[in-house]
Each structure stands twice: as structure tokens, then as C-alpha cells.
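Here the structure is laid out as C-alpha cells; the discussion comes afterwards.
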Amino acid sequence: MVIVKIEPEGQTVEYTKLNTVLQLLNKQGLHHTDALVIRNGELLTQDEQIRQGDEIEIRKVVSVG
Amino acid sequence: MKCKVCKAKAVAALPSHNAAFCKEHFNSFFMKQIAQGIKRRNLLERDDKVLVALSGGKDSLGLMYALAELGYNVTGLHIDLGIFESSIKARSVVEDFCKSKGYPLRVVELEKEGVPIPLIKKHIRRPICAICGKFKRHYFNKVAIEEGNTALATGHNLDDEIARLFANTLRWDQGYLSDQGPVLPAENGFAKKVKPLFRVTEYESAIFSFLADIPYHHLPCPYSSGASFTGHKMLWRDMELRSPGTKRAFYKGFLDRGRPAFAALEKEEKDYEINPCTECGYPTSAGVCSICRLKRQMQESMEQEAAKGAE
Ligand code: SF4
Ligand SMILES: [Zn+2]
Ligand SMILES: [Zn+2]
């Protein structure tokens, strides 16, 4: 299980299987320059592997308001 | 992915620069973009006294930090819009940030000025964001003039500038196309206005702020549409995907070749005079400035409402 928190919406999504950051972004309809992908306080590039049990935050970068 | 400079593990890849960087080298890349942009387009002098508009978002706080790191004399200015929880949160983020870094900060409270945004929204029947923007600009200018700042800096990044330029181009808005850009010289009693983040994208700015531990908060304004990639930003996102670097080239081409042409046209036609507002002293071409006129309109609306209540 991989838990993904999506900001600024504050939603949480769970995936049973994810291999890479790129795959996660694709599933969210995002390109890699649309969002920061963060794991344990570190930024991930799109080629990074995602492991079972990871908690990941996707922080979309477009400012609103 | 590996850092282009030191081959260590990269934390970010930037297709428009055909590069990936580790934390340290991303930081030096970013600071170099800012410093070079300031120098090449003559945004700031070493002795400028810079007032930085701090909304509480990543761009404005990152800008403050970058300018301070580059050695500029900076003071923050936050406008507390009085919009419930979202303004309370924004203000506390700005205050905590400035305190922790030791930056001087000025706060203007619209509530104290008698014009909190929710009250304006109630009494003026026009799109609130346009009016909110007017008030923010008014108080930025006013504080800059009154407190002797020589430059007013805002956190607009390349994506903001591109979206605005594109909208102005679609309308062929000669006035805006003649002076949109990263620096608007001091004129008619106003301090010069600069946008030192004009060469970096929203994504790059977000990475910079993240790596610099700048607080992230998101409590959107209840009046904002909330949509992520609105209008032209969406179009440009796709254009940039197909051909990385398009945004930078479009903006640079405008500054080098488009704007001078529009500025030449505009010169021939300009014929109005700027004088201090007869009520508040703020420079205006209209006798009474638009902010004083809006305040008057609100006053009338509130009196009418009170009279109705008394009936
Ligand atoms: S979204 Fe809110 S803060 Fe932004 S301009 Fe509109 S009213 Fe002002
Ligand atoms: Zn490096
Ligand atoms: Zn006035």
C-alpha cells in the first residue's frame, strides 16, 4: 500500500501498487513540472522508485488567489 | 537522475534548462537566475530601499529570502485583507517567517482602514478580485511613497508574467503592452516596481522555497475560484511540454522586440496629467483617486442600508 496526500486539495489517495514517481504523476494527470513530489521531507525526481509502505505528498505548484 | 554539476543524486529536473540539480546546485542555479535577471534588466541598484509585498505564498516569501541573501536592503509589507480565516493564516505565516529570519515587516490592516474585503464585497457590485487588487496596489504604493522606499518588489514569476502578457496580447492592449515587464521605472511620485522572479517558473520557485524551508500553507481565499490551471496557464503548460523553453523565449522576445514597438506608439498618444488625489494625496490622473471614490461609494451604500433599517 502507498498513501498519497494531494495538496492543496488535502485529499488522500491509496494505491496498492506503484513503481515510480512518473507512474504516480501519470495516474494523477500531472506532468513533473506541475507538482513537487515529496517523501520523508525529500524531493523526488520522476525516475525514483516508490516502495510499499511509502507515504508521499504531491504538492501542486500553481498558485491560486 | 544526476546533478548536472556534481553528479550527485538530483532533487529536481528542469527540462527548459535541459538540466537536473542536487539541492546545493539547484540553489545556486536559482540565485544566479535572480541575480542575473536583476542585473541584465536593471531592476535594482545596490542602494535601493526595497519594499517586498508579502502575501504569505511561496513566491513572495521566497523572493524576500532571495533578495536578502543577495544583500539588498529589504522590508516586508503585508496587507491584511480581513478575509476571515484565510487572512489570519496568511498574516501569521508572514509574521512568523519575518520574525524567524529577522526581516523588518510592515502590516496594513484593511479592517483598520475601514475597508476589509468582505465589507467591500457587500457594498460594491463589481468583481471582488479586481477591486481587491486595486486596494492592494494602492496600499503598496502608499507605504512605499510615505516611507521612502525606492523600489516595490512583487513575487510574480515567469508563469504569471506569461499569462498576463498573453491576455494583453489577445486584446492587443497597447497601453499594457507598452510597459509590461520586470521593471516599471519610478514615475509620477510612484516608486519603481520590480518583479525579480520574472525568469523563474512557478515550479522552480516552489522548489526553491521548499529547499529553503519556507513555510508552506494553503488556506485559499474563499472568493478565489480555486481552479488549478486556469485559462492561459493551461495553454502555456501544454505549449511548454511540447517544446521546453517556449515561455522564456516568448517573454524575452517581447521584452527585446515587442515592448519597444508598443512603447514608441504609446509615446505619441499619451496626454494626461498626474496630480495628488485631492482627498488622500495619492498620485492620480482623475482628481479624486479611484480608491477614495470606492470608499465614497461604500459610505453611500452603508448609509442607505442604515436608513432602510431605520424605516
Ligand atoms: S481571491 Fe481573494 S485575495 Fe485574491 S484577489 Fe480575489 S478577493 Fe483578493
Ligand atoms: Zn550538484
Ligand atoms: Zn485618494
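If you're wondering about the labels, chains in the C-alpha cells are A, B, ... by order shown, residues count from 1 in each chain, ligands from 1 in order shown.
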Output the contact residues of chain A with respect to chain B at a cut-off of 8 Å, based on only C-alpha atoms, as a ChimeraX atom specification. /A:8,33-36,42-45,47,61-65
I want to know what sits within 12 Å of Asp96 (chain B), based on only C-alpha atoms, with residues of the same chain fewer than 5 positions away left out; could you give that as a PDB file with N, CA, C and O atoms, in the first residue's frame?
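That gives us out.pdb:
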ATOM      1  N   GLY B  56       2.209  35.874   1.694  1.00  0.00           N
ATOM      2  CA  GLY B  56       2.237  34.655   2.501  1.00  0.00           C
ATOM      3  C   GLY B  56       2.425  33.417   1.635  1.00  0.00           C
ATOM      4  O   GLY B  56       2.652  32.331   2.137  1.00  0.00           O
ATOM      5  N   LEU B  61       7.439  34.966  -0.273  1.00  0.00           N
ATOM      6  CA  LEU B  61       8.387  34.692   0.810  1.00  0.00           C
ATOM      7  C   LEU B  61       9.752  34.280   0.252  1.00  0.00           C
ATOM      8  O   LEU B  61      10.794  34.701   0.744  1.00  0.00           O
ATOM      9  N   LYS B  89      -4.532  33.335   8.727  1.00  0.00           N
ATOM     10  CA  LYS B  89      -3.479  32.353   8.462  1.00  0.00           C
ATOM     11  C   LYS B  89      -2.327  32.984   7.669  1.00  0.00           C
ATOM     12  O   LYS B  89      -1.159  32.844   8.035  1.00  0.00           O
ATOM     13  N   ALA B  90      -2.680  33.692   6.604  1.00  0.00           N
ATOM     14  CA  ALA B  90      -1.645  34.301   5.757  1.00  0.00           C
ATOM     15  C   ALA B  90      -0.788  35.248   6.593  1.00  0.00           C
ATOM     16  O   ALA B  90       0.443  35.233   6.522  1.00  0.00           O
ATOM     17  N   ARG B  91      -1.441  36.060   7.409  1.00  0.00           N
ATOM     18  CA  ARG B  91      -0.700  37.023   8.207  1.00  0.00           C
ATOM     19  C   ARG B  91       0.229  36.345   9.199  1.00  0.00           C
ATOM     20  O   ARG B  91       1.378  36.763   9.377  1.00  0.00           O
ATOM     21  N   LYS B 101      13.482  35.065  10.501  1.00  0.00           N
ATOM     22  CA  LYS B 101      14.628  35.461   9.687  1.00  0.00           C
ATOM     23  C   LYS B 101      15.190  36.820  10.105  1.00  0.00           C
ATOM     24  O   LYS B 101      16.201  37.268   9.564  1.00  0.00           O
ATOM     25  N   GLY B 102      14.464  37.527  10.993  1.00  0.00           N
ATOM     26  CA  GLY B 102      14.914  38.852  11.398  1.00  0.00           C
ATOM     27  C   GLY B 102      14.683  39.932  10.351  1.00  0.00           C
ATOM     28  O   GLY B 102      15.401  40.926  10.305  1.00  0.00           O
ATOM     29  N   TYR B 103      13.675  39.758   9.498  1.00  0.00           N
ATOM     30  CA  TYR B 103      13.373  40.776   8.485  1.00  0.00           C
ATOM     31  C   TYR B 103      12.380  41.800   9.029  1.00  0.00           C
ATOM     32  O   TYR B 103      11.401  41.417   9.672  1.00  0.00           O
ATOM     33  N   PRO B 104      12.599  43.087   8.749  1.00  0.00           N
ATOM     34  CA  PRO B 104      11.601  44.081   9.154  1.00  0.00           C
ATOM     35  C   PRO B 104      10.300  43.900   8.369  1.00  0.00           C
ATOM     36  O   PRO B 104      10.339  43.560   7.191  1.00  0.00           O
ATOM     37  N   LEU B 105       9.177  44.106   9.036  1.00  0.00           N
ATOM     38  CA  LEU B 105       7.873  43.886   8.404  1.00  0.00           C
ATOM     39  C   LEU B 105       6.891  44.994   8.777  1.00  0.00           C
ATOM     40  O   LEU B 105       6.814  45.399   9.928  1.00  0.00           O
ATOM     41  N   ILE B 214      10.947  27.287   3.517  1.00  0.00           N
ATOM     42  CA  ILE B 214       9.965  28.361   3.650  1.00  0.00           C
ATOM     43  C   ILE B 214       8.611  27.714   3.914  1.00  0.00           C
ATOM     44  O   ILE B 214       8.252  26.749   3.255  1.00  0.00           O
ATOM     45  N   PRO B 215       7.892  28.210   4.928  1.00  0.00           N
ATOM     46  CA  PRO B 215       6.669  27.518   5.333  1.00  0.00           C
ATOM     47  C   PRO B 215       5.653  27.412   4.201  1.00  0.00           C
ATOM     48  O   PRO B 215       5.483  28.352   3.426  1.00  0.00           O
TER      49      PRO B 215
END
Residues within 12 Å of Ser28 (chain B), only C-alpha atoms, excluding chain neighbours under 5 positions, as a PDB file with C-alpha atoms, in the first residue's frame:
ATOM      1  CA  VAL B   5      27.201  19.971 -11.912  1.00  0.00           C
ATOM      2  CA  PHE B  21      20.353  19.576  -9.983  1.00  0.00           C
ATOM      3  CA  CYS B  22      21.120  18.453  -6.446  1.00  0.00           C
ATOM      4  CA  LYS B  23      19.921  20.669  -3.596  1.00  0.00           C
ATOM      5  CA  GLN B  33      18.776  33.397 -12.334  1.00  0.00           C
ATOM      6  CA  ILE B  34      17.582  36.076  -9.915  1.00  0.00           C
ATOM      7  CA  ALA B  35      20.861  37.962  -9.707  1.00  0.00           C
ATOM      8  CA  GLN B  36      21.377  37.932 -13.489  1.00  0.00           C
ATOM      9  CA  ALA B  66      16.454  35.558  -2.137  1.00  0.00           C
ATOM     10  CA  GLU B  69      20.553  36.659   0.629  1.00  0.00           C
ATOM     11  CA  LEU B  70      21.743  38.789  -2.286  1.00  0.00           C
ATOM     12  CA  PHE B 208      13.452  26.926  -4.156  1.00  0.00           C
ATOM     13  CA  LEU B 211      14.529  23.601  -0.230  1.00  0.00           C
ATOM     14  CA  ALA B 212      14.884  26.823   1.796  1.00  0.00           C
TER      15      ALA B 212
END
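Using only C-alpha atoms, the shortest contact distance between Gln299 (chain B) and any of B:Glu147, B:Ala8, B:His123, B:Leu67 is found at B:His123.
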What are the closest atom pairs, with distances in Å to one decimal, for all residues of chain B lying within 7 Å of ligand 3? Consider only C-alpha atoms and all ligand atoms, order rows by chain and residue number, and present the result as CSV.
residue,atom,partner,partner_atom_place_in_ligand_line,distance
B:Cys277,CA,ligand 3,1 (Zn),4.7
B:Thr278,CA,ligand 3,1 (Zn),6.6
B:Glu279,CA,ligand 3,1 (Zn),5.0
B:Cys280,CA,ligand 3,1 (Zn),4.1
B:Gly281,CA,ligand 3,1 (Zn),6.0
B:Tyr282,CA,ligand 3,1 (Zn),5.4
B:Val288,CA,ligand 3,1 (Zn),5.5
B:Cys289,CA,ligand 3,1 (Zn),4.2
B:Ser290,CA,ligand 3,1 (Zn),6.7
B:Ile291,CA,ligand 3,1 (Zn),5.7
B:Cys292,CA,ligand 3,1 (Zn),4.3
For the selection just defined, write its residues with C-alpha atoms to a file, as a short mmCIF file (atom, residue, chain, number, x, y, z; two decimals), in the first residue's frame.
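Written file, again33.cif:
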data_model
loop_
_atom_site.label_atom_id
_atom_site.label_comp_id
_atom_site.auth_asym_id
_atom_site.auth_seq_id
_atom_site.Cartn_x
_atom_site.Cartn_y
_atom_site.Cartn_z
CA CYS B 277 -5.59 62.93 -5.12
CA THR B 278 -7.47 65.86 -3.58
CA GLU B 279 -8.58 63.63 -0.71
CA CYS B 280 -5.66 61.36 0.17
CA GLY B 281 -2.70 62.75 -1.76
CA TYR B 282 -2.14 59.55 -3.76
CA VAL B 288 -10.06 62.08 -6.71
CA CYS B 289 -8.32 58.67 -6.88
CA SER B 290 -10.27 55.50 -7.58
CA ILE B 291 -9.77 54.23 -4.03
CA CYS B 292 -11.30 57.38 -2.49
#
Taking only region 147-310 of chain B into account, list the residues labelled helix (DSSP H, G or I) by DSSP (computed from the backbone), as a ChimeraX atom specification. /B:158-170,174-179,202-211,231-242,246-269,290-310
Take the residues that were just selected and, keeping C-alpha atoms, output them as a PDB file, in the first residue's frame.
ATOM      1  CA  LEU B 158       7.558  33.731 -15.338  1.00  0.00           C
ATOM      2  CA  ASP B 159       4.238  31.862 -15.481  1.00  0.00           C
ATOM      3  CA  ASP B 160       2.354  34.835 -14.037  1.00  0.00           C
ATOM      4  CA  GLU B 161       4.048  37.193 -16.463  1.00  0.00           C
ATOM      5  CA  ILE B 162       3.378  34.935 -19.447  1.00  0.00           C
ATOM      6  CA  ALA B 163      -0.305  34.509 -18.564  1.00  0.00           C
ATOM      7  CA  ARG B 164      -0.698  38.262 -18.265  1.00  0.00           C
ATOM      8  CA  LEU B 165       1.279  39.047 -21.397  1.00  0.00           C
ATOM      9  CA  PHE B 166      -0.777  36.535 -23.358  1.00  0.00           C
ATOM     10  CA  ALA B 167      -4.049  38.077 -22.165  1.00  0.00           C
ATOM     11  CA  ASN B 168      -2.778  41.543 -23.092  1.00  0.00           C
ATOM     12  CA  THR B 169      -1.706  40.250 -26.491  1.00  0.00           C
ATOM     13  CA  LEU B 170      -5.059  38.628 -27.218  1.00  0.00           C
ATOM     14  CA  GLN B 174      -1.423  48.836 -26.451  1.00  0.00           C
ATOM     15  CA  GLY B 175      -1.206  50.515 -23.053  1.00  0.00           C
ATOM     16  CA  TYR B 176      -0.210  47.372 -21.184  1.00  0.00           C
ATOM     17  CA  LEU B 177       1.974  46.054 -23.984  1.00  0.00           C
ATOM     18  CA  SER B 178       3.955  49.290 -23.896  1.00  0.00           C
ATOM     19  CA  ASP B 179       5.104  48.834 -20.316  1.00  0.00           C
ATOM     20  CA  GLU B 202       6.256  28.565 -10.757  1.00  0.00           C
ATOM     21  CA  TYR B 203       7.784  25.100 -10.455  1.00  0.00           C
ATOM     22  CA  GLU B 204      11.302  26.441  -9.925  1.00  0.00           C
ATOM     23  CA  SER B 205      10.040  28.914  -7.361  1.00  0.00           C
ATOM     24  CA  ALA B 206       8.214  26.135  -5.495  1.00  0.00           C
ATOM     25  CA  ILE B 207      11.372  24.009  -5.388  1.00  0.00           C
ATOM     26  CA  PHE B 208      13.452  26.926  -4.156  1.00  0.00           C
ATOM     27  CA  SER B 209      11.019  27.696  -1.339  1.00  0.00           C
ATOM     28  CA  PHE B 210      10.755  24.039  -0.399  1.00  0.00           C
ATOM     29  CA  LEU B 211      14.529  23.601  -0.230  1.00  0.00           C
ATOM     30  CA  GLY B 231      -7.217  29.789 -18.562  1.00  0.00           C
ATOM     31  CA  HIS B 232      -3.997  30.704 -20.251  1.00  0.00           C
ATOM     32  CA  LYS B 233      -1.759  28.958 -17.757  1.00  0.00           C
ATOM     33  CA  MET B 234      -3.194  25.670 -19.027  1.00  0.00           C
ATOM     34  CA  LEU B 235      -2.472  26.545 -22.638  1.00  0.00           C
ATOM     35  CA  TRP B 236       1.081  27.535 -21.822  1.00  0.00           C
ATOM     36  CA  ARG B 237       1.648  24.441 -19.762  1.00  0.00           C
ATOM     37  CA  ASP B 238       0.898  22.318 -22.839  1.00  0.00           C
ATOM     38  CA  MET B 239       2.967  24.517 -25.117  1.00  0.00           C
ATOM     39  CA  GLU B 240       5.949  24.278 -22.764  1.00  0.00           C
ATOM     40  CA  LEU B 241       5.552  20.493 -22.572  1.00  0.00           C
ATOM     41  CA  ARG B 242       5.731  20.148 -26.308  1.00  0.00           C
ATOM     42  CA  THR B 246       8.954  28.398 -25.180  1.00  0.00           C
ATOM     43  CA  LYS B 247       7.829  30.503 -22.236  1.00  0.00           C
ATOM     44  CA  ARG B 248      11.225  32.048 -21.676  1.00  0.00           C
ATOM     45  CA  ALA B 249      11.746  32.728 -25.362  1.00  0.00           C
ATOM     46  CA  PHE B 250       8.301  34.307 -25.765  1.00  0.00           C
ATOM     47  CA  TYR B 251       8.807  36.619 -22.812  1.00  0.00           C
ATOM     48  CA  LYS B 252      12.331  37.571 -23.742  1.00  0.00           C
ATOM     49  CA  GLY B 253      11.285  38.272 -27.329  1.00  0.00           C
ATOM     50  CA  PHE B 254       8.547  40.518 -26.052  1.00  0.00           C
ATOM     51  CA  LEU B 255      10.917  42.496 -23.839  1.00  0.00           C
ATOM     52  CA  ASP B 256      13.532  42.842 -26.563  1.00  0.00           C
ATOM     53  CA  ARG B 257      11.372  43.416 -29.622  1.00  0.00           C
ATOM     54  CA  GLY B 258       7.670  43.678 -28.790  1.00  0.00           C
ATOM     55  CA  ARG B 259       7.552  46.157 -25.974  1.00  0.00           C
ATOM     56  CA  PRO B 260       9.810  48.806 -27.545  1.00  0.00           C
ATOM     57  CA  ALA B 261       7.483  48.922 -30.560  1.00  0.00           C
ATOM     58  CA  PHE B 262       4.395  49.397 -28.419  1.00  0.00           C
ATOM     59  CA  ALA B 263       6.183  51.927 -26.215  1.00  0.00           C
ATOM     60  CA  ALA B 264       7.014  54.006 -29.290  1.00  0.00           C
ATOM     61  CA  LEU B 265       3.351  54.022 -30.340  1.00  0.00           C
ATOM     62  CA  GLU B 266       2.190  54.876 -26.854  1.00  0.00           C
ATOM     63  CA  LYS B 267       4.542  57.850 -26.537  1.00  0.00           C
ATOM     64  CA  GLU B 268       2.820  59.629 -29.378  1.00  0.00           C
ATOM     65  CA  GLU B 269      -0.575  59.325 -27.775  1.00  0.00           C
ATOM     66  CA  SER B 290     -10.274  55.503  -7.580  1.00  0.00           C
ATOM     67  CA  ILE B 291      -9.770  54.230  -4.026  1.00  0.00           C
ATOM     68  CA  CYS B 292     -11.303  57.377  -2.494  1.00  0.00           C
ATOM     69  CA  ARG B 293     -14.172  57.091  -4.983  1.00  0.00           C
ATOM     70  CA  LEU B 294     -14.756  53.455  -4.000  1.00  0.00           C
ATOM     71  CA  LYS B 295     -14.684  54.435  -0.326  1.00  0.00           C
ATOM     72  CA  ARG B 296     -17.275  57.111  -1.009  1.00  0.00           C
ATOM     73  CA  GLN B 297     -19.491  54.634  -2.873  1.00  0.00           C
ATOM     74  CA  MET B 298     -19.275  52.252   0.079  1.00  0.00           C
ATOM     75  CA  GLN B 299     -20.151  55.004   2.509  1.00  0.00           C
ATOM     76  CA  GLU B 300     -23.258  55.822   0.481  1.00  0.00           C
ATOM     77  CA  SER B 301     -24.293  52.200   0.294  1.00  0.00           C
ATOM     78  CA  MET B 302     -23.853  51.777   4.049  1.00  0.00           C
ATOM     79  CA  GLU B 303     -25.872  54.912   4.773  1.00  0.00           C
ATOM     80  CA  GLN B 304     -28.664  53.695   2.524  1.00  0.00           C
ATOM     81  CA  GLU B 305     -28.658  50.385   4.301  1.00  0.00           C
ATOM     82  CA  ALA B 306     -28.801  52.082   7.713  1.00  0.00           C
ATOM     83  CA  ALA B 307     -31.689  54.307   6.533  1.00  0.00           C
ATOM     84  CA  LYS B 308     -33.589  51.238   5.296  1.00  0.00           C
ATOM     85  CA  GLY B 309     -33.062  49.532   8.636  1.00  0.00           C
ATOM     86  CA  ALA B 310     -34.444  52.581  10.461  1.00  0.00           C
TER      87      ALA B 310
END
Kindly indicate which residue among B:Glu24, B:Asp213, B:Asp80, B:Glu45 lies nearest to ligand 1, using only C-alpha atoms and all ligand atoms for the distances.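 Looking only at the distances to ligand 1, the closest residue turns out to be B:Asp80.
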Residues near Glu55 (chain A), cut-off 10 Å, only C-alpha atoms, skip fewer than 6 positions along chain, as a PyMOL selection string: chain A and resi 1-5+14+38-40
Region 271-275 of chain B: which residues within 6 Å, counting only C-alpha atoms, same-chain residues fewer than 2 positions away excluded, as a PDB file with C-alpha atoms, in the first residue's frame?
ATOM      1  CA  PRO B 283      -0.971  60.217  -7.334  1.00  0.00           C
ATOM      2  CA  THR B 284      -3.879  60.036  -9.787  1.00  0.00           C
ATOM      3  CA  SER B 285      -4.996  61.308 -13.171  1.00  0.00           C
TER       4      SER B 285
END
Once DSSP has gone over the backbone, tell me which residues of chain A are in strand (DSSP E or B), as a PyMOL selection string. chain A and resi 2-7+11-15+20+35-39+42-43+49+55-60
Please produce an output containing N, CA, C and O atoms for each residue in the selection, written as a tab-separated table (two decimals), in the first residue's frame.
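Saved to again.tsv:
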chain	number	residue	atom	x	y	z
A	2	VAL	N	0.50	2.22	-0.85
A	2	VAL	CA	1.20	3.51	-0.87
A	2	VAL	C	0.16	4.59	-0.61
A	2	VAL	O	-0.89	4.61	-1.25
A	3	ILE	N	0.45	5.45	0.37
A	3	ILE	CA	-0.51	6.51	0.70
A	3	ILE	C	-0.02	7.83	0.12
A	3	ILE	O	1.13	8.24	0.34
A	4	VAL	N	-0.90	8.47	-0.64
A	4	VAL	CA	-0.50	9.71	-1.31
A	4	VAL	C	-1.43	10.83	-0.87
A	4	VAL	O	-2.65	10.73	-1.00
A	5	LYS	N	-0.81	11.89	-0.35
A	5	LYS	CA	-1.61	13.05	0.05
A	5	LYS	C	-1.46	14.11	-1.03
A	5	LYS	O	-0.34	14.38	-1.49
A	6	ILE	N	-2.57	14.68	-1.44
A	6	ILE	CA	-2.52	15.65	-2.52
A	6	ILE	C	-2.88	17.04	-2.01
A	6	ILE	O	-3.97	17.25	-1.47
A	7	GLU	N	-1.93	17.97	-2.13
A	7	GLU	CA	-2.15	19.35	-1.72
A	7	GLU	C	-2.20	20.23	-2.96
A	7	GLU	O	-1.52	19.93	-3.93
A	11	GLN	N	-6.65	15.98	-0.25
A	11	GLN	CA	-7.18	14.62	-0.42
A	11	GLN	C	-6.11	13.58	-0.12
A	11	GLN	O	-4.93	13.85	-0.29
A	12	THR	N	-6.56	12.40	0.25
A	12	THR	CA	-5.63	11.28	0.37
A	12	THR	C	-6.08	10.17	-0.57
A	12	THR	O	-7.27	9.86	-0.65
A	13	VAL	N	-5.13	9.61	-1.30
A	13	VAL	CA	-5.43	8.51	-2.22
A	13	VAL	C	-4.52	7.34	-1.85
A	13	VAL	O	-3.37	7.55	-1.46
A	14	GLU	N	-5.05	6.13	-1.94
A	14	GLU	CA	-4.21	4.96	-1.66
A	14	GLU	C	-4.04	4.14	-2.93
A	14	GLU	O	-5.00	3.95	-3.68
A	15	TYR	N	-2.82	3.68	-3.14
A	15	TYR	CA	-2.56	2.82	-4.28
A	15	TYR	C	-2.02	1.48	-3.76
A	15	TYR	O	-1.23	1.46	-2.82
A	20	THR	N	6.95	3.86	-9.93
A	20	THR	CA	7.80	5.05	-9.98
A	20	THR	C	6.98	6.31	-9.77
A	20	THR	O	5.75	6.31	-9.84
A	35	ALA	N	4.04	19.69	-10.16
A	35	ALA	CA	3.93	19.41	-8.72
A	35	ALA	C	5.26	18.99	-8.11
A	35	ALA	O	6.11	18.43	-8.80
A	36	LEU	N	5.41	19.28	-6.82
A	36	LEU	CA	6.53	18.72	-6.07
A	36	LEU	C	6.07	17.36	-5.55
A	36	LEU	O	4.94	17.22	-5.11
A	37	VAL	N	6.95	16.38	-5.62
A	37	VAL	CA	6.64	15.07	-5.05
A	37	VAL	C	7.63	14.85	-3.90
A	37	VAL	O	8.84	14.90	-4.10
A	38	ILE	N	7.07	14.66	-2.71
A	38	ILE	CA	7.88	14.69	-1.50
A	38	ILE	C	7.72	13.38	-0.73
A	38	ILE	O	6.61	12.90	-0.54
A	39	ARG	N	8.86	12.81	-0.31
A	39	ARG	CA	8.82	11.63	0.57
A	39	ARG	C	9.81	11.87	1.70
A	39	ARG	O	10.98	12.18	1.44
A	42	GLU	N	12.00	14.83	1.46
A	42	GLU	CA	12.92	14.94	0.32
A	42	GLU	C	12.13	15.03	-0.99
A	42	GLU	O	11.11	14.36	-1.15
A	43	LEU	N	12.67	15.82	-1.93
A	43	LEU	CA	12.04	15.89	-3.25
A	43	LEU	C	12.43	14.67	-4.08
A	43	LEU	O	13.56	14.21	-4.02
A	49	GLN	N	12.04	5.29	-7.61
A	49	GLN	CA	11.18	4.15	-7.29
A	49	GLN	C	10.29	4.47	-6.10
A	49	GLN	O	10.72	5.16	-5.18
A	55	GLU	N	4.89	6.88	2.22
A	55	GLU	CA	3.91	7.96	2.34
A	55	GLU	C	4.44	9.13	1.53
A	55	GLU	O	5.54	9.60	1.76
A	56	ILE	N	3.62	9.56	0.60
A	56	ILE	CA	4.09	10.55	-0.37
A	56	ILE	C	3.15	11.74	-0.40
A	56	ILE	O	1.93	11.60	-0.22
A	57	GLU	N	3.74	12.92	-0.57
A	57	GLU	CA	2.91	14.10	-0.74
A	57	GLU	C	3.13	14.67	-2.13
A	57	GLU	O	4.27	14.81	-2.58
A	58	ILE	N	2.01	14.96	-2.79
A	58	ILE	CA	2.09	15.67	-4.07
A	58	ILE	C	1.63	17.09	-3.80
A	58	ILE	O	0.54	17.31	-3.30
A	59	ARG	N	2.49	18.06	-4.08
A	59	ARG	CA	2.15	19.45	-3.82
A	59	ARG	C	2.08	20.19	-5.14
A	59	ARG	O	3.10	20.51	-5.74
A	60	LYS	N	0.86	20.45	-5.61
A	60	LYS	CA	0.73	21.14	-6.90
A	60	LYS	C	1.27	22.57	-6.75
A	60	LYS	O	1.09	23.20	-5.71
Could you check how far CA of Val183 (chain B) sits from CA of Thr150 (chain B), in Å to one decimal?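 Computing the Euclidean distance for CA of Val183 (chain B) and CA of Thr150 (chain B) yields 12.5 Å.
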Closest of B:Pro127, B:Gly71, B:Gly189, B:Gly114 to ligand 1 - atom-to-atom distances counting only C-alpha atoms and all ligand atoms: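 Of B:Pro127, B:Gly71, B:Gly189, B:Gly114, the one nearest ligand 1 is B:Pro127, counting only C-alpha atoms and all ligand atoms.
One distance worth recording is that between CA of Glu95 (chain B) and CA of Ala130 (chain B), which is 25.8 Å.
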If we count only C-alpha atoms, what is near Leu22 (chain A) at a cut-off of 10 Å, once residues fewer than 3 positions away on the same chain are taken out, given as a ChimeraX atom specification? /A:18-19,25-28,30-32,44-50
Could you check how far CA of Cys132 (chain B) sits from atom 5 (S, counted along the ligand's line) of ligand 1, in Å to one decimal?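 So the answer is 5.1 Å.
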Just checking: using only C-alpha atoms and all ligand atoms, which residue out of B:Ile117, B:Val108, B:Ala151, B:Ile88 ends up closest to ligand 1? B:Ile117
